[in-house]
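Source file: protein_29.cif (mmCIF, C-alpha atoms and all ligand atoms)
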```
data_final
#
loop_
_atom_site.label_atom_id
_atom_site.label_comp_id
_atom_site.auth_asym_id
_atom_site.auth_seq_id
_atom_site.Cartn_x
_atom_site.Cartn_y
_atom_site.Cartn_z
CA MET A 266 -11.92 -9.07 26.59
CA THR A 267 -8.22 -8.79 25.84
CA GLN A 268 -7.00 -5.95 23.67
CA LYS A 269 -5.71 -6.86 20.21
CA PRO A 270 -1.91 -6.75 20.05
CA LEU A 271 -0.21 -4.04 17.98
CA PRO A 272 0.38 -5.38 14.42
CA ILE A 273 4.13 -5.69 13.83
CA TYR A 274 5.79 -5.99 10.41
CA ASP A 275 9.26 -7.32 11.02
CA GLY A 276 12.49 -6.78 9.08
CA HIS A 277 14.07 -10.22 9.49
CA ASN A 278 13.45 -13.85 10.38
CA ASP A 279 15.20 -17.10 9.46
CA THR A 280 12.11 -19.21 10.09
CA ILE A 281 11.79 -20.92 6.70
CA LEU A 282 15.21 -22.50 7.21
CA HIS A 283 13.82 -24.33 10.25
CA TYR A 284 10.76 -25.60 8.37
CA ALA A 285 12.74 -26.48 5.24
CA ILE A 286 15.86 -28.00 6.80
CA PRO A 287 14.59 -31.58 7.25
CA GLN A 288 13.79 -31.61 3.51
CA VAL A 289 16.45 -29.42 1.90
CA ALA A 290 19.47 -29.68 4.23
CA PRO A 291 19.01 -32.64 6.59
CA HIS A 292 22.77 -32.68 7.30
CA TYR A 293 22.25 -29.38 9.11
CA SER A 294 19.36 -30.47 11.35
CA GLU A 295 21.63 -31.36 14.24
CA ALA A 296 23.58 -28.08 14.26
CA PHE A 297 20.36 -26.06 14.07
CA SER A 298 18.67 -28.08 16.78
CA GLU A 299 21.67 -27.69 19.06
CA PHE A 300 21.97 -23.92 18.49
CA PHE A 301 18.27 -23.29 19.08
CA GLY A 302 17.97 -25.67 22.03
CA TYR A 303 15.49 -28.07 20.42
CA ARG A 304 14.76 -31.05 22.61
CA GLU A 305 14.78 -33.28 19.53
CA LEU A 306 15.80 -32.76 15.90
CA VAL A 307 14.06 -29.78 14.33
CA ASN A 308 10.60 -30.82 13.18
CA ARG A 309 8.30 -27.83 13.20
CA ASP A 310 5.01 -27.09 11.47
CA PHE A 311 4.07 -23.46 10.72
CA PHE A 312 0.41 -24.17 11.50
CA GLN A 313 0.96 -25.88 14.86
CA ARG A 314 1.79 -24.04 18.05
CA SER A 315 5.16 -25.13 19.31
CA GLU A 316 7.33 -24.26 22.29
CA GLN A 317 10.39 -24.62 20.03
CA GLY A 318 11.88 -21.85 17.91
CA HIS A 319 10.37 -18.39 17.58
CA ILE A 320 7.68 -18.17 14.86
CA ASP A 321 4.64 -20.23 13.93
CA LEU A 322 1.21 -19.00 12.87
CA PRO A 323 -0.59 -19.51 16.22
CA ARG A 324 2.15 -17.67 18.12
CA ALA A 325 2.27 -14.90 15.46
CA LYS A 326 -1.47 -14.28 15.97
CA GLU A 327 -1.02 -14.26 19.71
CA GLY A 328 1.83 -11.74 19.63
CA GLY A 329 0.56 -9.46 16.86
CA LEU A 330 3.29 -10.45 14.40
CA ALA A 331 1.60 -9.44 11.13
CA GLY A 332 4.42 -10.68 8.88
CA GLY A 333 7.72 -9.48 7.51
CA PHE A 334 10.90 -10.30 5.63
CA TRP A 335 11.38 -14.08 5.33
CA ALA A 336 15.05 -14.67 4.66
CA ILE A 337 16.47 -17.48 2.60
CA SER A 338 20.17 -17.93 3.19
CA PRO A 339 22.01 -20.87 1.63
CA ILE A 340 23.25 -23.35 4.20
CA PRO A 341 26.61 -24.98 3.35
CA GLU A 342 26.46 -28.26 1.49
CA LYS A 343 28.49 -30.31 3.93
CA GLY A 344 27.86 -28.50 7.20
CA GLU A 345 31.58 -28.00 7.69
CA ASP A 346 31.17 -24.48 9.05
CA LYS A 347 28.34 -25.14 11.48
CA GLN A 348 30.65 -24.04 14.29
CA SER A 349 30.70 -20.56 12.85
CA VAL A 350 26.97 -20.29 13.49
CA ALA A 351 26.96 -22.03 16.85
CA SER A 352 29.77 -19.94 18.30
CA VAL A 353 28.48 -16.46 17.52
CA GLY A 354 28.95 -14.44 20.69
CA ALA A 355 30.35 -17.37 22.61
CA GLY A 356 33.54 -15.73 23.93
CA GLU A 357 34.19 -16.42 27.59
CA ASP A 358 35.94 -13.11 28.20
CA GLY A 359 33.13 -11.10 26.63
CA THR A 360 34.81 -10.89 23.24
CA PHE A 361 34.12 -12.95 20.14
CA ASP A 362 35.84 -13.32 16.82
CA VAL A 363 34.45 -15.87 14.40
CA PRO A 364 36.37 -16.22 11.12
CA LEU A 365 34.34 -15.88 7.91
CA PRO A 366 33.13 -19.27 6.71
CA PRO A 367 34.03 -20.48 3.19
CA GLU A 368 32.09 -19.32 0.12
CA ILE A 369 29.12 -21.31 -1.18
CA PRO A 370 29.21 -22.23 -4.90
CA HIS A 371 26.50 -20.67 -7.10
CA THR A 372 25.22 -24.00 -8.44
CA TYR A 373 24.63 -25.43 -4.97
CA ALA A 374 23.18 -22.12 -3.71
CA THR A 375 20.76 -22.09 -6.64
CA ARG A 376 19.56 -25.62 -5.89
CA PHE A 377 19.19 -24.80 -2.19
CA THR A 378 17.37 -21.51 -2.82
CA ILE A 379 14.90 -23.05 -5.27
CA ALA A 380 14.16 -25.83 -2.76
CA ALA A 381 13.75 -23.47 0.21
CA THR A 382 11.61 -21.02 -1.80
CA SER A 383 9.48 -23.92 -2.97
CA GLU A 384 8.97 -25.02 0.66
CA LEU A 385 7.91 -21.43 1.49
CA LEU A 386 5.46 -21.28 -1.43
CA ARG A 387 4.02 -24.71 -0.51
CA MET A 388 3.54 -23.52 3.06
CA ILE A 389 1.64 -20.45 1.82
CA ALA A 390 -0.45 -22.64 -0.51
CA ALA A 391 -1.28 -24.96 2.39
CA SER A 392 -2.37 -22.03 4.58
CA ALA A 393 -5.88 -21.83 3.07
CA GLY A 394 -5.61 -18.06 2.81
CA GLN A 395 -4.10 -17.49 6.27
CA ALA A 396 -0.72 -16.48 4.80
CA ARG A 397 0.08 -14.54 1.63
CA LEU A 398 3.21 -13.71 -0.39
CA VAL A 399 3.44 -9.90 -0.53
CA THR A 400 5.11 -7.99 -3.35
CA THR A 401 3.67 -4.50 -2.87
CA ALA A 402 3.13 -2.18 0.09
CA ASP A 403 -0.61 -2.31 -0.63
CA ASP A 404 -0.44 -6.11 -0.25
CA ILE A 405 0.99 -5.62 3.24
CA VAL A 406 -1.67 -3.07 4.17
CA ALA A 407 -4.36 -5.51 2.99
CA CYS A 408 -2.80 -8.34 5.01
CA ILE A 409 -2.76 -6.22 8.17
CA ASP A 410 -6.41 -5.17 7.61
CA GLU A 411 -7.58 -8.71 6.85
CA GLU A 412 -5.37 -10.34 9.51
CA VAL A 413 -3.63 -12.49 6.91
CA PHE A 414 0.03 -13.27 7.69
CA ALA A 415 2.28 -11.35 5.23
CA ILE A 416 5.36 -13.13 3.85
CA GLN A 417 7.97 -11.09 1.98
CA LEU A 418 10.58 -13.12 0.09
CA HIS A 419 14.08 -11.97 1.04
CA PHE A 420 17.50 -13.41 0.18
CA GLU A 421 20.25 -13.08 2.77
CA GLY A 422 23.35 -13.49 0.63
CA ALA A 423 23.21 -13.28 -3.20
CA GLU A 424 24.93 -16.64 -3.89
CA ALA A 425 21.92 -17.80 -5.92
CA ILE A 426 22.38 -14.85 -8.33
CA ASP A 427 24.79 -15.31 -11.26
CA GLU A 428 27.42 -12.79 -12.31
CA ASP A 429 25.32 -11.78 -15.36
CA LEU A 430 22.34 -11.11 -13.03
CA TYR A 431 19.99 -13.20 -15.20
CA ALA A 432 18.63 -14.96 -12.10
CA LEU A 433 17.68 -11.62 -10.54
CA ASP A 434 14.90 -10.95 -13.07
CA VAL A 435 13.58 -14.48 -12.62
CA TRP A 436 13.54 -14.22 -8.83
CA TYR A 437 11.89 -10.80 -9.07
CA GLU A 438 9.03 -12.42 -11.01
CA VAL A 439 8.79 -15.13 -8.33
CA GLY A 440 8.35 -12.34 -5.76
CA LEU A 441 11.84 -11.40 -4.51
CA ARG A 442 11.63 -7.83 -3.20
CA SER A 443 14.68 -7.49 -0.96
CA LEU A 444 18.23 -8.75 -0.99
CA GLY A 445 21.19 -8.77 1.35
CA ILE A 446 24.23 -8.78 -0.94
CA VAL A 447 26.10 -10.93 1.58
CA TRP A 448 25.36 -12.94 4.70
CA SER A 449 28.80 -12.12 6.09
CA ARG A 450 30.57 -14.84 4.06
CA SER A 451 32.18 -13.48 0.87
CA ASN A 452 30.67 -14.07 -2.55
CA ILE A 453 31.24 -12.79 -6.09
CA PHE A 454 29.47 -9.53 -5.22
CA GLY A 455 31.26 -8.52 -2.04
CA HIS A 456 32.47 -9.19 1.48
CA GLY A 457 30.66 -9.03 4.78
CA VAL A 458 31.63 -8.62 8.40
CA PRO A 459 33.01 -11.53 10.39
CA PHE A 460 31.15 -11.76 13.74
CA ARG A 461 33.53 -9.89 15.99
CA PHE A 462 33.19 -8.00 19.30
CA PRO A 463 34.40 -5.47 20.05
CA SER A 464 35.40 -4.27 16.61
CA SER A 465 34.81 -1.61 14.02
CA PRO A 466 32.67 -2.80 11.07
CA ASP A 467 35.57 -1.73 8.82
CA THR A 468 36.91 -5.26 8.35
CA GLY A 469 38.00 -5.52 4.71
CA PRO A 470 37.21 -4.79 1.07
CA GLY A 471 33.66 -3.88 0.03
CA LEU A 472 31.77 -4.59 -3.18
CA THR A 473 33.27 -6.10 -6.33
CA ASP A 474 32.48 -4.76 -9.83
CA ALA A 475 29.73 -7.40 -10.05
CA GLY A 476 28.42 -6.14 -6.70
CA GLU A 477 28.20 -2.60 -8.06
CA ARG A 478 26.24 -3.86 -11.07
CA LEU A 479 23.96 -5.81 -8.73
CA VAL A 480 23.14 -2.63 -6.78
CA ARG A 481 22.26 -0.74 -9.98
CA ARG A 482 20.08 -3.56 -11.28
CA CYS A 483 18.27 -3.86 -7.93
CA ASN A 484 17.57 -0.12 -8.13
CA GLN A 485 16.12 -0.55 -11.64
CA LEU A 486 13.92 -3.48 -10.68
CA GLY A 487 12.87 -2.02 -7.33
CA ILE A 488 14.50 -4.64 -5.10
CA LEU A 489 15.42 -3.26 -1.66
CA ILE A 490 19.10 -3.71 -0.80
CA ASP A 491 19.78 -4.78 2.79
CA LEU A 492 22.96 -3.39 4.37
CA SER A 493 22.99 -5.68 7.44
CA HIS A 494 26.03 -8.04 7.31
CA LEU A 495 27.97 -5.82 4.87
CA ASN A 496 31.24 -4.43 6.17
CA GLU A 497 31.78 -0.69 6.34
CA LYS A 498 33.45 -0.38 2.93
CA GLY A 499 30.57 -2.31 1.35
CA PHE A 500 28.12 -0.04 3.16
CA TRP A 501 29.76 3.10 1.70
CA ASP A 502 29.92 1.46 -1.75
CA VAL A 503 26.15 0.93 -1.67
CA ALA A 504 25.65 4.47 -0.30
CA ARG A 505 27.66 5.87 -3.23
CA ILE A 506 25.94 3.83 -5.97
CA SER A 507 22.35 3.29 -4.87
CA ASP A 508 19.57 5.76 -5.59
CA ALA A 509 17.22 4.10 -3.07
CA PRO A 510 16.85 4.74 0.69
CA LEU A 511 19.63 3.02 2.70
CA VAL A 512 18.21 0.20 4.82
CA ALA A 513 19.67 -2.17 7.41
CA THR A 514 16.94 -4.72 8.17
CA HIS A 515 18.38 -6.21 11.38
CA SER A 516 21.22 -4.26 12.99
CA ASN A 517 21.68 -2.20 16.15
CA ALA A 518 23.63 0.79 17.45
CA HIS A 519 27.41 0.30 17.52
CA ALA A 520 27.62 3.09 20.12
CA ILE A 521 25.92 0.71 22.61
CA ASN A 522 27.15 -2.70 21.43
CA ALA A 523 30.43 -2.56 19.49
CA ALA A 524 29.85 -5.70 17.38
CA THR A 525 30.82 -5.60 13.70
CA ARG A 526 27.15 -6.28 12.84
CA ASN A 527 26.01 -2.96 14.31
CA LEU A 528 25.98 0.53 12.77
CA THR A 529 28.19 3.46 13.73
CA ASP A 530 26.67 6.91 14.22
CA LYS A 531 28.29 7.98 10.94
CA GLN A 532 26.49 5.16 9.11
CA LEU A 533 23.24 6.11 10.85
CA ALA A 534 23.66 9.70 9.63
CA ALA A 535 23.95 8.43 6.04
CA ILE A 536 20.82 6.29 6.47
CA ALA A 537 18.89 9.30 7.81
CA GLU A 538 20.05 11.44 4.90
CA THR A 539 18.49 9.03 2.37
CA ASP A 540 15.28 8.64 4.41
CA GLY A 541 16.11 4.96 4.91
CA MET A 542 15.67 2.93 8.09
CA VAL A 543 17.01 0.37 10.55
CA GLY A 544 15.21 -2.64 12.05
CA VAL A 545 16.21 -3.38 15.66
CA ASN A 546 17.75 -6.84 16.08
CA PHE A 547 16.89 -8.80 19.27
CA HIS A 548 20.00 -11.02 19.28
CA VAL A 549 21.40 -10.60 22.79
CA GLY A 550 24.98 -10.62 21.46
CA PHE A 551 24.19 -7.53 19.36
CA LEU A 552 22.20 -5.82 22.13
CA ARG A 553 24.21 -6.12 25.32
CA GLU A 554 27.03 -3.69 26.07
CA ASP A 555 29.24 -6.66 26.97
CA GLY A 556 28.34 -8.64 23.82
CA GLN A 557 27.56 -11.79 25.83
CA THR A 558 25.14 -14.36 24.41
CA ASP A 559 23.14 -14.48 27.61
CA PRO A 560 19.33 -14.80 27.34
CA ASP A 561 19.13 -13.41 30.85
CA THR A 562 19.00 -9.93 29.34
CA SER A 563 16.51 -7.24 30.29
CA LEU A 564 14.26 -5.61 27.68
CA ASP A 565 15.69 -2.27 28.86
CA ILE A 566 18.63 -2.76 26.52
CA VAL A 567 16.26 -3.22 23.53
CA ILE A 568 14.65 0.12 24.45
CA ARG A 569 18.09 1.75 24.71
CA HIS A 570 18.83 0.73 21.10
CA PHE A 571 15.43 2.04 19.98
CA ASP A 572 16.15 5.30 21.85
CA HIS A 573 19.58 5.72 20.28
CA LEU A 574 18.37 4.90 16.76
CA ILE A 575 15.40 7.25 17.10
CA GLU A 576 17.73 9.99 18.34
CA LYS A 577 20.05 9.56 15.35
CA LEU A 578 17.52 8.65 12.64
CA GLY A 579 14.26 10.24 13.76
CA GLU A 580 10.94 8.58 14.61
CA ASP A 581 10.17 7.76 10.97
CA ARG A 582 13.26 5.64 10.32
CA VAL A 583 13.29 2.87 12.92
CA GLY A 584 11.41 -0.43 13.03
CA PHE A 585 11.60 -4.06 14.14
CA GLY A 586 14.18 -6.49 12.73
CA SER A 587 13.84 -9.33 15.24
CA ASP A 588 16.14 -12.04 13.78
CA PHE A 589 13.61 -14.56 15.16
CA ASP A 590 14.67 -18.14 14.46
CA GLY A 591 18.19 -16.92 13.66
CA ALA A 592 19.53 -15.70 16.98
CA VAL A 593 19.39 -15.87 20.78
CA MET A 594 16.53 -13.82 22.23
CA PRO A 595 16.23 -12.16 25.66
CA ARG A 596 14.15 -14.41 27.92
CA ASP A 597 11.23 -11.93 28.06
CA LEU A 598 11.16 -11.94 24.26
CA ALA A 599 11.50 -15.71 23.95
CA ASP A 600 9.39 -15.91 20.76
CA CYS A 601 6.97 -13.83 18.69
CA ALA A 602 4.13 -14.50 21.14
CA HIS A 603 6.11 -12.37 23.62
CA LEU A 604 6.12 -9.24 21.40
CA PRO A 605 3.35 -7.54 23.47
CA ARG A 606 5.74 -7.60 26.46
CA LEU A 607 8.22 -5.52 24.50
CA VAL A 608 5.46 -3.16 23.35
CA GLU A 609 4.39 -2.80 26.99
CA ALA A 610 7.97 -2.01 28.01
CA MET A 611 8.11 0.63 25.26
CA ARG A 612 4.85 2.16 26.52
CA ALA A 613 6.24 2.16 30.06
CA ALA A 614 9.34 3.97 28.71
CA GLY A 615 7.07 6.75 27.43
CA TYR A 616 6.56 5.72 23.78
CA GLY A 617 3.14 7.06 22.73
CA GLU A 618 0.68 5.30 20.42
CA PRO A 619 1.54 7.27 17.24
CA LEU A 620 5.25 6.44 17.68
CA LEU A 621 4.47 2.77 18.40
CA GLN A 622 2.43 2.56 15.18
CA LYS A 623 5.36 3.95 13.21
CA LEU A 624 7.87 1.57 14.75
CA ALA A 625 5.54 -1.42 14.48
CA HIS A 626 4.73 -1.18 10.77
CA GLN A 627 4.22 2.31 9.33
CA ASN A 628 7.93 3.01 8.85
CA TRP A 629 8.49 -0.27 7.03
CA LEU A 630 5.51 0.50 4.81
CA ARG A 631 6.91 3.93 3.95
CA VAL A 632 10.39 2.62 3.08
CA LEU A 633 9.10 -0.36 1.12
CA ARG A 634 6.73 1.89 -0.82
CA SER A 635 9.58 4.18 -1.82
CA SER A 636 12.02 1.31 -2.55
CA TRP A 637 9.70 -0.84 -4.63
CA LYS A 638 8.61 0.24 -8.11
CA ALA A 639 5.04 -1.00 -7.70
CA THR A 640 3.32 0.23 -4.56
ZN ZN B 1 21.31 -12.01 9.54
#
```

Could I get this structure in the form of structure tokens?
Amino acid sequence: MTQKPLPIYDGHNDTILHYAIPQVAPHYSEAFSEFFGYRELVNRDFFQRSEQGHIDLPRAKEGGLAGGFWAISPIPEKGEDKQSVASVGAGEDGTFDVPLPPEIPHTYATRFTIAATSELLRMIAASAGQARLVTTADDIVACIDEEVFAIQLHFEGAEAIDEDLYALDVWYEVGLRSLGIVWSRSNIFGHGVPFRFPSSPDTGPGLTDAGERLVRRCNQLGILIDLSHLNEKGFWDVARISDAPLVATHSNAHAINAATRNLTDKQLAAIAETDGMVGVNFHVGFLREDGQTDPDTSLDIVIRHFDHLIEKLGEDRVGFGSDFDGAVMPRDLADCAHLPRLVEAMRAAGYGEPLLQKLAHQNWLRVLRSSWKAT
């Protein structure tokens, strides 16, 4: 009898974009398929095991992926900036510098976000109880106990929120519980980091006045604010304004990989001070010391980021933030079915069972419980 895999609650995936693209952004199918190495145009089904992409329900069960943050990030209307996605980490000399893509208008982002959220809700409805939208920490605990896949609605980029923040209350009622103010591209609330290596994350101005109001309102409602993709000024703006734990859902240690998307030791100290946390991102370009987008990357480097983050943040403030279906994975972590290989590598590196439980889901549960109003 094989042992059950460790249940992992994960801080970031872009999976719904893959399932929703043929319906909500068909113009983007080709760019996505190319970036993720699909043999034909993206055409996945959450309930069918596939060799393409990183997450479906059969592979999640196999790998112990219990659920996590499901990001919805508006894809541009015309696909004019698809190169900016496809070229992340593509520098031949080991450097990369991708300019920030243009802003996405609120009206289009709203239409896109409603459509993608609807696809997510339809998928859950079609799951016959195998997947559930979670809005409280107790929901997640119940999902792990009952082996139901937990889906947390997350926005990566606040383009679908209006300046008056009316949409925020509506999305909260739908189930939105976490929000990245920007996905790198600028919007009315702030500015993110361009994908650059090597570079400091201090790349430009931070939050706007509307962005500051957004942080305060998220605090009031109990919506977790995600710091990944913000530049350093934006990070310190949130740190100054927010009364919630500071959280970066899918970022790594800048001391090991000097990409703009990673966190400096000074930022990590601020996260530790607020009892926040960081989810480790498996994108090879944010893991490797040389920043190369090379899947031929050992799991040792993932462990080195865990080690560094644990050293700076403590055992209670680190978790998983895979970036499945949004990035290039190391070959031994090719999809969520491979998660037990990483857990094995962590065991081999001396991580004991209590620590593995914390990293796998307990730390996320603690931070979500303290960030959300309802537990
Ligand atoms: Zn991201």

Would you mind listing, for every residue of chain A within 12 Å of ligand ZN 1 (chain B), the two atoms forming the shortest contact and the distance between them in Å to one decimal, using all atoms listed in the file, sorted by chain and ascending residue number, as a tab-separated table?
```
residue	atom	partner	partner_atom	distance
A:Gly276	CA	B:ZN1	ZN	10.3
A:His277	CA	B:ZN1	ZN	7.5
A:Asn278	CA	B:ZN1	ZN	8.1
A:Asp279	CA	B:ZN1	ZN	8.0
A:Thr280	CA	B:ZN1	ZN	11.7
A:Phe334	CA	B:ZN1	ZN	11.3
A:Trp335	CA	B:ZN1	ZN	11.0
A:Ala336	CA	B:ZN1	ZN	8.4
A:Ile337	CA	B:ZN1	ZN	10.1
A:Ser338	CA	B:ZN1	ZN	8.8
A:Pro339	CA	B:ZN1	ZN	11.9
A:Val350	CA	B:ZN1	ZN	10.8
A:Val353	CA	B:ZN1	ZN	11.6
A:His419	CA	B:ZN1	ZN	11.2
A:Phe420	CA	B:ZN1	ZN	10.2
A:Glu421	CA	B:ZN1	ZN	6.9
A:Gly422	CA	B:ZN1	ZN	9.3
A:Leu444	CA	B:ZN1	ZN	11.4
A:Gly445	CA	B:ZN1	ZN	8.8
A:Ile446	CA	B:ZN1	ZN	11.3
A:Val447	CA	B:ZN1	ZN	9.4
A:Trp448	CA	B:ZN1	ZN	6.4
A:Ser449	CA	B:ZN1	ZN	8.2
A:Arg450	CA	B:ZN1	ZN	11.1
A:Gly457	CA	B:ZN1	ZN	10.9
A:Val458	CA	B:ZN1	ZN	10.9
A:Pro459	CA	B:ZN1	ZN	11.7
A:Phe460	CA	B:ZN1	ZN	10.7
A:Asp491	CA	B:ZN1	ZN	10.0
A:Leu492	CA	B:ZN1	ZN	10.2
A:Ser493	CA	B:ZN1	ZN	6.9
A:His494	CA	B:ZN1	ZN	6.6
A:Leu495	CA	B:ZN1	ZN	10.2
A:Ala513	CA	B:ZN1	ZN	10.2
A:Thr514	CA	B:ZN1	ZN	8.6
A:His515	CA	B:ZN1	ZN	6.8
A:Ser516	CA	B:ZN1	ZN	8.5
A:Asn517	CA	B:ZN1	ZN	11.8
A:Arg526	CA	B:ZN1	ZN	8.8
A:Asn527	CA	B:ZN1	ZN	11.3
A:Gly544	CA	B:ZN1	ZN	11.5
A:Val545	CA	B:ZN1	ZN	11.7
A:Asn546	CA	B:ZN1	ZN	9.1
A:Phe547	CA	B:ZN1	ZN	11.2
A:His548	CA	B:ZN1	ZN	9.9
A:Phe551	CA	B:ZN1	ZN	11.2
A:Gly586	CA	B:ZN1	ZN	9.6
A:Ser587	CA	B:ZN1	ZN	9.8
A:Asp588	CA	B:ZN1	ZN	6.7
A:Phe589	CA	B:ZN1	ZN	9.9
A:Asp590	CA	B:ZN1	ZN	10.3
A:Gly591	CA	B:ZN1	ZN	7.1
A:Ala592	CA	B:ZN1	ZN	8.5
```

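Note that the spacing between CA of Phe297 in chain A and CA of Phe462 in chain A amounts to 22.8 Å.
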
Axis-aligned box for range 333-344 of chain A, 3 Å per side, centre and edges in Å as AutoDock Vina command-line options:
```
--center_x 18.1 --center_y -19.9 --center_z 4.5 --size_x 26.8 --size_y 26.8 --size_z 12.0
```

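Between Ala520 in chain A and the candidates A:Gly318, A:Pro470, A:Pro463, A:Gly550, the tightest atom-to-atom separation, counting all atoms listed in the file, involves A:Pro463.
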
(Q) Set the distance at 6 Å and use all atoms listed in the file: which residues neighbour range 534-543 of chain A once local chain neighbours fewer than 5 positions away are removed? I'd like the list as a ChimeraX atom specification. (A) /A:510-514,578,582-583

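Coordinates place CA of Lys326 in chain A at a distance of 27.0 Å from CA of Trp637 in chain A.
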
Q: Skip Asp429 in chain A itself and residues of its chain fewer than 2 positions away, then list as a list of chain:residue names all residues within 10 Å of it, counting all atoms listed in the file.
A: A:Ile426, A:Asp427, A:Tyr431, A:Ala432, A:Leu433, A:Ala475, A:Arg478, A:Leu479

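Nearest to Ile453 in chain A of all the residues A:Leu386, A:Val399, A:Val439, A:Leu472 is A:Leu472, counting all atoms listed in the file.
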
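Between CA of Asp275 in chain A and CA of Thr468 in chain A the interatomic distance comes to 27.9 Å.
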
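With all atoms listed in the file as the basis for measurement, A:Asp600 is the residue among A:Glu609, A:Glu618, A:Glu342, A:Asp600 that approaches Arg324 in chain A most closely.
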
Q | Close residues, Leu398 in chain A itself excluded, 12 Å, only C-alpha atoms, min 4 positions apart in chain, as an MDAnalysis selection string | A | chainID A and resid 332:335 382 385:390 392 394 402 404:405 407:408 413:419 439:442

Nearby residues (only C-alpha atoms) at most 8 Å from Thr375 in chain A, same-chain spacing under 3 positions excluded, as a short mmCIF file (atom, residue, chain, number, x, y, z; two decimals) with C-alpha atoms, keeping the file's coordinate frame:
```
data_model
loop_
_atom_site.label_atom_id
_atom_site.label_comp_id
_atom_site.auth_asym_id
_atom_site.auth_seq_id
_atom_site.Cartn_x
_atom_site.Cartn_y
_atom_site.Cartn_z
CA HIS A 371 26.50 -20.67 -7.10
CA THR A 372 25.22 -24.00 -8.44
CA THR A 378 17.37 -21.51 -2.82
CA ILE A 379 14.90 -23.05 -5.27
CA GLU A 424 24.93 -16.64 -3.89
CA ALA A 425 21.92 -17.80 -5.92
CA ILE A 426 22.38 -14.85 -8.33
#
```
